[in-house]
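Dumped work_32.txt below, it's compact mmCIF, C-alpha atoms:
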# COMPACT_ATOMS: atom_id res chain seq x y z
CA MET S 1 162.39 128.76 107.19
CA GLY S 2 161.48 129.47 103.59
CA SER S 3 163.43 130.98 100.77
CA ARG S 4 163.43 134.33 99.01
CA THR S 5 160.25 133.57 97.08
CA ALA S 6 158.16 131.07 99.07
CA PRO S 7 158.30 128.35 101.72
CA SER S 8 160.61 125.55 100.63
CA PHE S 9 159.40 122.07 99.76
CA LYS S 10 160.86 120.78 103.04
CA ASP S 11 159.11 123.58 104.99
CA ILE S 12 155.75 122.56 103.52
CA TYR S 13 156.38 118.90 104.34
CA LEU S 14 157.43 119.68 107.93
CA MET S 15 154.39 121.92 108.55
CA ASN S 16 152.08 119.17 107.28
CA LEU S 17 153.89 116.69 109.53
CA TYR S 18 153.74 119.01 112.56
CA TYR S 19 149.99 119.64 112.18
CA ASN S 20 149.32 115.96 111.38
CA CYS S 21 148.06 116.74 107.88
CA LEU S 22 149.56 113.72 106.12
CA CYS S 23 147.53 111.01 104.39
CA SER S 24 147.74 107.47 105.73
CA SER S 25 146.73 105.96 102.37
CA GLY S 26 146.56 106.94 98.72
CA VAL S 27 149.04 107.05 95.87
CA THR S 28 152.71 106.16 96.37
CA CYS S 29 154.77 109.27 95.68
CA GLN S 30 158.18 108.96 94.03
CA ASN S 31 161.39 111.01 94.15
CA GLY S 32 160.81 112.33 97.67
CA GLY S 33 157.29 113.65 97.11
CA PHE S 34 154.47 113.33 99.65
CA ARG S 35 150.69 112.94 99.39
CA HIS S 36 148.70 116.16 99.16
CA PRO S 37 146.78 116.48 102.47
CA ARG S 38 143.55 117.61 100.73
CA ASN S 39 143.72 115.01 97.94
CA CYS S 40 145.60 111.82 98.81
CA ASN S 41 145.51 110.70 95.16
CA ILE S 42 148.07 113.30 94.04
CA CYS S 43 151.51 114.22 95.34
CA ILE S 44 153.31 117.41 96.25
CA CYS S 45 156.62 117.10 94.43
CA PRO S 46 160.10 118.49 95.08
CA SER S 47 161.54 120.97 92.61
CA GLY S 48 162.32 119.39 89.25
CA PHE S 49 159.63 116.71 89.46
CA GLY S 50 155.97 116.76 88.47
CA GLY S 51 153.06 114.57 87.51
CA THR S 52 150.54 112.90 89.78
CA VAL S 53 153.18 110.82 91.61
CA CYS S 54 156.34 112.93 90.98
CA ASN S 55 157.67 110.57 88.30
CA GLN S 56 157.89 113.12 85.48
CA ARG S 57 160.09 116.09 84.68
CA GLN S 58 158.57 119.34 85.91
CA THR S 59 157.60 121.71 83.12
CA ALA S 60 159.12 125.19 82.86
CA GLU S 61 157.99 127.84 85.35
CA ASN S 62 156.93 131.49 85.11
CA GLY S 63 156.52 131.66 81.36
CA ALA S 64 159.87 130.14 80.43
CA ILE S 65 160.11 128.36 77.10
CA ASP S 66 160.21 124.66 78.03
CA ILE S 67 163.52 123.67 76.48
CA GLY S 68 164.22 121.09 79.20
CA ALA S 69 164.30 117.41 78.36
CA VAL S 70 164.98 113.91 79.62
CA LEU S 71 168.47 112.88 78.55
CA THR S 72 170.62 109.76 78.88
CA ALA S 73 174.27 110.04 79.83
CA THR S 74 176.78 108.09 77.74
CA SER S 75 180.47 107.29 78.03
CA ASN S 76 181.23 110.00 75.45
CA TYR S 77 181.45 113.70 76.29
CA GLN S 78 178.29 115.61 75.48
CA THR S 79 177.32 119.26 75.66
CA LEU S 80 174.09 120.51 77.16
CA SER S 81 173.10 124.07 76.42
CA GLY S 82 169.89 125.99 76.26
CA LYS S 83 168.47 129.47 76.19
CA THR S 84 165.14 130.62 77.53
CA GLY S 85 163.44 133.98 77.43
CA GLU S 86 164.05 137.00 75.27
CA PRO S 87 167.28 139.02 75.62
CA ASN S 88 165.54 142.43 75.64
CA LYS S 89 162.70 141.47 77.99
CA ILE S 90 162.85 142.37 81.69
CA LEU S 91 161.64 139.47 83.82
CA GLN S 92 159.26 140.04 86.72
CA ARG S 93 160.15 136.68 88.29
CA ALA S 94 162.91 134.12 87.93
CA GLN S 95 162.24 131.48 85.31
CA ALA S 96 163.14 127.82 85.71
CA VAL S 97 163.68 125.02 83.20
CA TYR S 98 164.42 121.41 84.20
CA TRP S 99 166.53 118.67 82.66
CA HIS S 100 166.67 115.10 83.94
CA ILE S 101 169.86 113.22 83.11
CA TYR S 102 169.76 109.46 83.56
CA VAL S 103 172.63 107.01 83.56
CA SER S 104 172.57 103.24 83.07
CA VAL S 105 174.32 101.33 85.83
CA VAL S 106 176.51 98.51 84.56
CA ASN S 107 177.65 95.84 87.01
CA THR S 108 181.18 94.62 86.31
Would you kindly transcribe this structure into structure tokens?
Amino acid sequence: MGSRTAPSFKDIYLMNLYYNCLCSSGVTCQNGGFRHPRNCNICICPSGFGGTVCNQRQTAENGAIDIGAVLTATSNYQTLSGKTGEPNKILQRAQAVYWHIYVSVVNT
């Protein structure tokens, strides 16, 4: 159970399920999120997702510069690169930045 820094998203979900702390009504969560047991109008989202119903890209964590973005894949090669933090600064915690890459599905 858990990870090096905190309980995992799945651990939190399973504990809420085990102790019957899930909402029976409220918002509809997206991308695998579930309703917050103390406020059924917001969702607890998996890593990488945020917003009230988990339909947005999560912002950067632990003081990271938010260089993440929402991108669209194309049929041409593209390069994704980014740099966060300062090279001479010692970090107290890991930083995280999120990118969402979407692709259009074409039926042939």
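Nearest residue to Val27 in chain S among S:Thr59, S:Cys43, S:Lys83, S:Gln95 is S:Cys43, counting only C-alpha atoms.
Taking only C-alpha atoms into account, Ala64 in chain S lies nearest to S:Ala94 out of the set S:Leu17, S:His100, S:Ala94, S:Cys23.
Residues in contact range of Asn16 in chain S, defined as at most 12 Å between all atoms listed in the file, with sequence neighbours fewer than 4 positions away removed, read Phe9, Lys10, Asp11, Ile12, Asn20, Cys21, Leu22, Cys23, Phe34, Arg35, His36, Pro37, Arg38 and Ile44 of chain S.
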Please determine, counting only C-alpha atoms, which residue among S:Thr79, S:Ser47, S:Gln58, S:Asn88 has the shortest atom-to-atom distance to Gly32 in chain S.
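Looking at the shortest contact to Gly32 in chain S, the residue is S:Ser47.
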One-decimal distance in Å that lies between CA of Ile65 in chain S and CA of Tyr98 in chain S:
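So the two atoms, CA of Tyr98 in chain S and CA of Ile65 in chain S, lie 10.8 Å apart.
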Edge lengths and centre in Å to one decimal, as AutoDock Vina command-line options, of the axis-aligned box that encloses all listed atoms of range 25-32 of chain S with 6 Å added on every side?
--center_x 154.0 --center_y 109.1 --center_z 98.2 --size_x 26.8 --size_y 18.4 --size_z 20.3
Between CA of Thr28 in chain S and CA of Ile67 in chain S, what is the spacing in Å?
28.6 Å
Near-Ala96 in chain S list (9 Å; all atoms listed in the file; drop same-chain fewer than 3 positions) as a VMD selection string:
chain S and resid 59 to 64 66 84
Determine, counting all atoms listed in the file, which protein, DNA and RNA residues have an atom within 10 Å of an atom of Ile101 in chain S; residues of the same chain fewer than 4 positions away are not included. Present the result as a list in words.
Ala69, Val70, Leu71, Thr72 and Ala73 of chain S
Give me, please, the distance in Å between CA of Tyr18 in chain S and CA of Asn41 in chain S, quoted to one decimal.
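Answer for the CA of Tyr18 in chain S to CA of Asn41 in chain S separation: 21.0 Å.
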Of the candidates S:Ile90, S:Thr74, S:Leu14, S:Thr5, which one gets nearest to Tyr102 in chain S if we count all atoms listed in the file?
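For Tyr102 in chain S, the nearest of the candidates is S:Thr74.
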